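Asks: Sharing a structure, written as structure tokens. Questions coming.
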Amino acid sequence: MTDRLSGDRAITRSAERPAHTSSGYLMLAVLVAAVLGGLGSGALIDANPALGGTIIVVCALVFLFVSCGFYMQQPNQATAITLFGAYQGTDRNTGLRWLLPWLGRKKVSLRANNMISERLKVNDLRGNPIEIAAQVVWRVTDTAQALFDIDDYKAFVIVQIEAAVRTIGARYPYDDYEHQEVTLRGNHDQVGVELRQELIARLVTAGLTVDECGFTHLAYAQEIAGAMLRRQQAQAVVAARQTLVEGAVGMVEMALTLLSEKNVVELDDERRAAMVSNLMVVLCGDRDAQPVVNAGTLYQ
């Protein structure tokens, strides 16, 4: 079928269709009959040499003709049939099969193939170099396209996986510290779905499909890994300090409220400010507090 136009030349795509083949067990019975006929004709040679010789020759020709057409086909295998280079169809039946001897046969595996790409260095959406690798489970769905539209469909898969990984890797940033964007590190499922769709669109012309894919390696490139690690550590420290300060403010507020409600002590604005300062230092400090006994008053 004609798929699209390239300049003034139409590109014709192959399409799989069923082939006309026979069960090998029926032809096996014919083969056994030819053998028995040849053996039985030996008794006719003495009585009628011409007839006996003719039967032996016919049985021998039938034996050679039938024996050349057998082939075995396992589950999840297919055999593409050709006649002098022209595609005649694909046989997907399993077991012992038989075909006319002058027809060409080429077996294709329909089983799932698991492939892990090499680690690729890609610039993400922000231009940061990252290392990325993907695992892809693919299989053949159209034997005619895989065999006749692509020179080597296995090599084609490797090249298209690399191209798709580079495309998806450059479409998103590696990470977003504000958690407002879709990122490669934080949205594995969503990015994996887009990677599968990208691969399916690239491999459909070869009669292939992708069942599953995902990233097996994702990291900053070595030249910026140290700087990004320090940035991540700084972000973690800031986030921890922010949480600590928010908790300390709540505890100070609760302490002052309880002291006022229970009339434990009367605090003016200056003493309240001093208590808040001391509590914040104790609660937010990295080391244990060292108490100081004040023998005087706050004003002396």
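Ligands are numbered from 1 in the order shown, residues from 1 within each chain, and chains are lettered A, B, ... in the order they appear in the structure tokens.
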Could you pull the residues within 7 Å of stretch 188-197 of chain A, counting only C-alpha atoms, minus those fewer than 4 positions along the same chain, as a ChimeraX atom specification?

Replies: /A:164,168,184,201,210,212-214

Asks: Export C-alpha atoms of the chosen residues as a CSV table (one decimal), in the first residue's frame?

Replies:
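Final file, part-v8.csv:
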chain,number,residue,atom,x,y,z
A,164,ALA,CA,13.6,8.8,21.4
A,168,ILE,CA,12.4,13.0,25.9
A,184,LEU,CA,12.6,13.5,34.6
A,201,ALA,CA,5.4,6.4,16.7
A,210,VAL,CA,6.7,-1.3,22.4
A,212,GLU,CA,7.0,-1.4,28.2
A,213,CYS,CA,9.8,1.1,28.7
A,214,GLY,CA,11.4,3.1,31.5

Asks: So which one's closest to A:Thr21, A:Leu36, A:Leu100, A:Ala255, A:Met72? Using only C-alpha atoms, please.

Replies: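 The answer is A:Leu100, which sits nearest to A:Thr21.
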
Asks: Of the candidates A:Arg202, A:Arg119, A:Arg17, A:Arg139, which shows the shortest atom-to-atom distance to A:Gln77, using only C-alpha atoms?

Replies: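 With only C-alpha atoms as the atom set, the closest residue is A:Arg139.
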
Asks: Report, in Å to a single decimal, how far apart atom CA of A:Val122 and atom CA of A:Ile161 are.

Replies: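 Rounded to one decimal, the two atoms are 13.6 Å apart.
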
Asks: Pick out each residue of stretch 29-110 of chain A that DSSP on the backbone tags as strand (DSSP E or B); I need them as a compact mmCIF listing (two decimals) with C-alpha atoms, in the first residue's frame.

Replies:
# COMPACT_ATOMS: atom_id res chain seq x y z
CA PHE A 70 8.49 -29.57 5.54
CA TYR A 71 9.32 -26.98 8.20
CA MET A 72 8.71 -26.68 11.95
CA GLN A 73 7.22 -23.62 13.61
CA GLN A 77 7.10 -17.62 15.55
CA ALA A 78 6.06 -16.67 12.02
CA THR A 79 7.34 -17.61 8.57
CA ALA A 80 7.28 -15.12 5.71
CA ILE A 81 6.68 -16.84 2.34
CA THR A 82 8.18 -15.49 -0.91
CA LEU A 83 8.04 -16.58 -4.52
CA ALA A 86 7.68 -11.52 -4.21
CA TYR A 87 5.94 -11.59 -0.83
CA GLN A 88 3.17 -14.21 -0.72
CA GLY A 89 2.05 -14.04 2.92
CA THR A 90 2.96 -15.03 6.46
CA ASP A 91 2.25 -18.31 8.21
CA GLY A 95 3.66 -27.28 14.58
CA LEU A 96 4.69 -29.28 11.50
CA ARG A 97 3.90 -27.35 8.33
CA TRP A 98 4.35 -28.00 4.61
CA GLY A 104 11.14 -19.22 -0.02
CA ARG A 105 10.76 -19.18 3.74
CA LYS A 106 12.14 -16.75 6.35
CA LYS A 107 11.34 -17.16 10.03
CA VAL A 108 10.67 -14.18 12.28
CA SER A 109 10.40 -14.27 16.07

Asks: Could you give me, as a VMD selection string, the residues within 8 Å of A:Pro101, counting only C-alpha atoms and dropping anything in the same chain fewer than 4 positions from it?

Replies: chain A and resid 65 to 66 68 to 69

Asks: Quick one: pull the distance between atom CA of A:Arg171 and atom CA of A:Ile130, Å, one decimal.

Replies: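 Atom CA of A:Ile130 lies at a distance of 12.5 Å from atom CA of A:Arg171.
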
Asks: Please return, as JSON, numbers by chain, all residues of stretch 68-289 of chain A that DSSP assigns to helix (DSSP H, G or I) on the basis of the backbone.

Replies: {"A": [143, 144, 145, 146, 147, 148, 153, 154, 155, 156, 157, 158, 159, 160, 161, 162, 163, 164, 165, 166, 167, 168, 169, 170, 171, 188, 189, 190, 191, 192, 193, 194, 195, 196, 197, 198, 199, 200, 201, 202, 203, 204, 205, 206, 222, 223, 224, 225, 226, 227, 228, 229, 230, 231, 232, 233, 234, 235, 236, 237, 238, 239, 240, 241, 242, 243, 244, 245, 246, 247, 248, 249, 250, 251, 252, 253, 254, 255, 256, 257, 258, 259, 260, 261, 269, 270, 271, 272, 273, 274, 275, 276, 277, 278, 279, 280, 281, 282, 283, 284]}

Asks: Atom CA of A:Leu26 to atom CA of A:Ser67: how many Å, to one decimal?

Replies: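 Pair atom CA of A:Leu26 / atom CA of A:Ser67 returns 12.2 Å.
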
Asks: Tell me which protein, DNA and RNA residues are within 12 Å of stretch 203-205 of chain A, counting only C-alpha atoms, leaving out same-chain ones fewer than 2 positions away, and put them as a CSV table (one decimal) with N, CA and C atoms, in the first residue's frame.

Replies:
chain,number,residue,atom,x,y,z
A,3,ASP,N,2.0,4.7,1.3
A,3,ASP,CA,1.9,5.3,2.6
A,3,ASP,C,2.0,6.9,2.5
A,4,ARG,N,3.0,7.4,1.8
A,4,ARG,CA,3.1,8.8,1.6
A,4,ARG,C,4.0,9.1,0.4
A,11,ILE,N,6.1,6.1,-1.8
A,11,ILE,CA,6.7,5.1,-1.0
A,11,ILE,C,5.6,4.1,-0.7
A,12,THR,N,5.9,2.8,-1.0
A,12,THR,CA,5.0,1.8,-0.8
A,12,THR,C,5.3,1.0,0.4
A,13,ARG,N,4.4,0.8,1.3
A,13,ARG,CA,4.6,0.1,2.6
A,13,ARG,C,4.0,-1.3,2.4
A,14,SER,N,4.8,-2.3,3.0
A,14,SER,CA,4.3,-3.6,3.0
A,14,SER,C,3.2,-3.8,4.1
A,15,ALA,N,2.4,-4.9,3.9
A,15,ALA,CA,1.4,-5.2,4.9
A,15,ALA,C,1.3,-6.7,5.0
A,138,TRP,N,10.2,-4.7,23.4
A,138,TRP,CA,9.6,-4.5,22.0
A,138,TRP,C,9.4,-5.9,21.4
A,139,ARG,N,8.5,-5.9,20.4
A,139,ARG,CA,8.3,-7.1,19.6
A,139,ARG,C,7.8,-6.8,18.2
A,140,VAL,N,7.8,-7.8,17.3
A,140,VAL,CA,7.4,-7.6,16.0
A,140,VAL,C,5.9,-7.9,15.9
A,141,THR,N,5.2,-7.0,15.2
A,141,THR,CA,3.7,-7.1,15.0
A,141,THR,C,3.4,-7.4,13.5
A,142,ASP,N,4.2,-6.8,12.6
A,142,ASP,CA,3.9,-7.0,11.2
A,142,ASP,C,5.2,-7.5,10.6
A,143,THR,N,5.2,-8.8,10.2
A,143,THR,CA,6.4,-9.4,9.7
A,143,THR,C,6.8,-8.9,8.4
A,144,ALA,N,5.8,-8.5,7.5
A,144,ALA,CA,6.1,-8.0,6.2
A,144,ALA,C,6.9,-6.7,6.3
A,145,GLN,N,6.4,-5.8,7.2
A,145,GLN,CA,7.1,-4.5,7.3
A,145,GLN,C,8.5,-4.7,7.9
A,146,ALA,N,8.6,-5.6,8.9
A,146,ALA,CA,9.9,-5.8,9.6
A,146,ALA,C,10.9,-6.3,8.6
A,147,LEU,N,10.5,-7.2,7.7
A,147,LEU,CA,11.5,-7.9,6.8
A,147,LEU,C,11.7,-7.1,5.5
A,148,PHE,N,10.7,-6.4,5.0
A,148,PHE,CA,10.8,-5.9,3.6
A,148,PHE,C,10.8,-4.3,3.6
A,149,ASP,N,10.4,-3.7,4.7
A,149,ASP,CA,10.5,-2.2,4.7
A,149,ASP,C,11.7,-1.7,5.4
A,150,ILE,N,12.4,-2.5,6.2
A,150,ILE,CA,13.6,-2.1,7.0
A,150,ILE,C,14.7,-3.1,6.6
A,153,TYR,N,15.8,-4.7,11.1
A,153,TYR,CA,14.9,-4.1,12.1
A,153,TYR,C,15.5,-4.1,13.5
A,154,LYS,N,16.4,-5.0,13.8
A,154,LYS,CA,17.0,-5.0,15.1
A,154,LYS,C,17.9,-3.8,15.3
A,155,ALA,N,18.7,-3.5,14.3
A,155,ALA,CA,19.6,-2.3,14.3
A,155,ALA,C,18.7,-1.0,14.3
A,156,PHE,N,17.6,-1.1,13.6
A,156,PHE,CA,16.7,0.1,13.5
A,156,PHE,C,16.1,0.4,14.9
A,157,VAL,N,15.8,-0.7,15.7
A,157,VAL,CA,15.3,-0.5,17.1
A,157,VAL,C,16.4,0.3,17.9
A,158,ILE,N,17.6,-0.1,17.8
A,158,ILE,CA,18.7,0.5,18.7
A,158,ILE,C,18.8,2.0,18.4
A,159,VAL,N,18.8,2.3,17.1
A,159,VAL,CA,18.9,3.7,16.7
A,159,VAL,C,17.7,4.5,17.1
A,160,GLN,N,16.5,4.0,17.0
A,160,GLN,CA,15.3,4.7,17.3
A,160,GLN,C,15.2,4.9,18.8
A,161,ILE,N,15.6,3.9,19.6
A,161,ILE,CA,15.6,4.0,21.1
A,161,ILE,C,16.5,5.2,21.5
A,163,ALA,N,17.4,7.8,19.7
A,163,ALA,CA,16.8,9.1,19.3
A,163,ALA,C,15.6,9.5,20.2
A,164,ALA,N,14.8,8.5,20.6
A,164,ALA,CA,13.6,8.8,21.4
A,164,ALA,C,14.1,9.2,22.8
A,196,ARG,N,7.3,5.8,25.7
A,196,ARG,CA,6.7,4.7,25.0
A,196,ARG,C,5.9,5.2,23.8
A,197,GLN,N,5.1,6.3,23.9
A,197,GLN,CA,4.4,6.8,22.8
A,197,GLN,C,5.4,7.3,21.7
A,198,GLU,N,6.5,7.9,22.1
A,198,GLU,CA,7.5,8.4,21.1
A,198,GLU,C,8.1,7.2,20.4
A,199,LEU,N,8.4,6.1,21.1
A,199,LEU,CA,9.0,4.9,20.5
A,199,LEU,C,8.0,4.2,19.5
A,200,ILE,N,6.7,4.1,20.0
A,200,ILE,CA,5.7,3.5,19.1
A,200,ILE,C,5.6,4.3,17.8
A,201,ALA,N,5.6,5.6,17.9
A,201,ALA,CA,5.4,6.4,16.7
A,201,ALA,C,6.7,6.2,15.7
A,207,GLY,N,6.9,-2.1,11.6
A,207,GLY,CA,6.1,-3.2,12.0
A,207,GLY,C,6.4,-3.7,13.4
A,208,LEU,N,6.8,-2.8,14.3
A,208,LEU,CA,7.2,-3.1,15.6
A,208,LEU,C,6.4,-2.3,16.6
A,209,THR,N,6.3,-2.8,17.8
A,209,THR,CA,5.6,-2.0,18.9
A,209,THR,C,6.3,-2.2,20.2
A,210,VAL,N,6.0,-1.3,21.1
A,210,VAL,CA,6.7,-1.3,22.4
A,210,VAL,C,5.7,-1.6,23.5
A,211,ASP,N,5.9,-2.7,24.3
A,211,ASP,CA,5.0,-3.1,25.4
A,211,ASP,C,5.3,-2.3,26.7
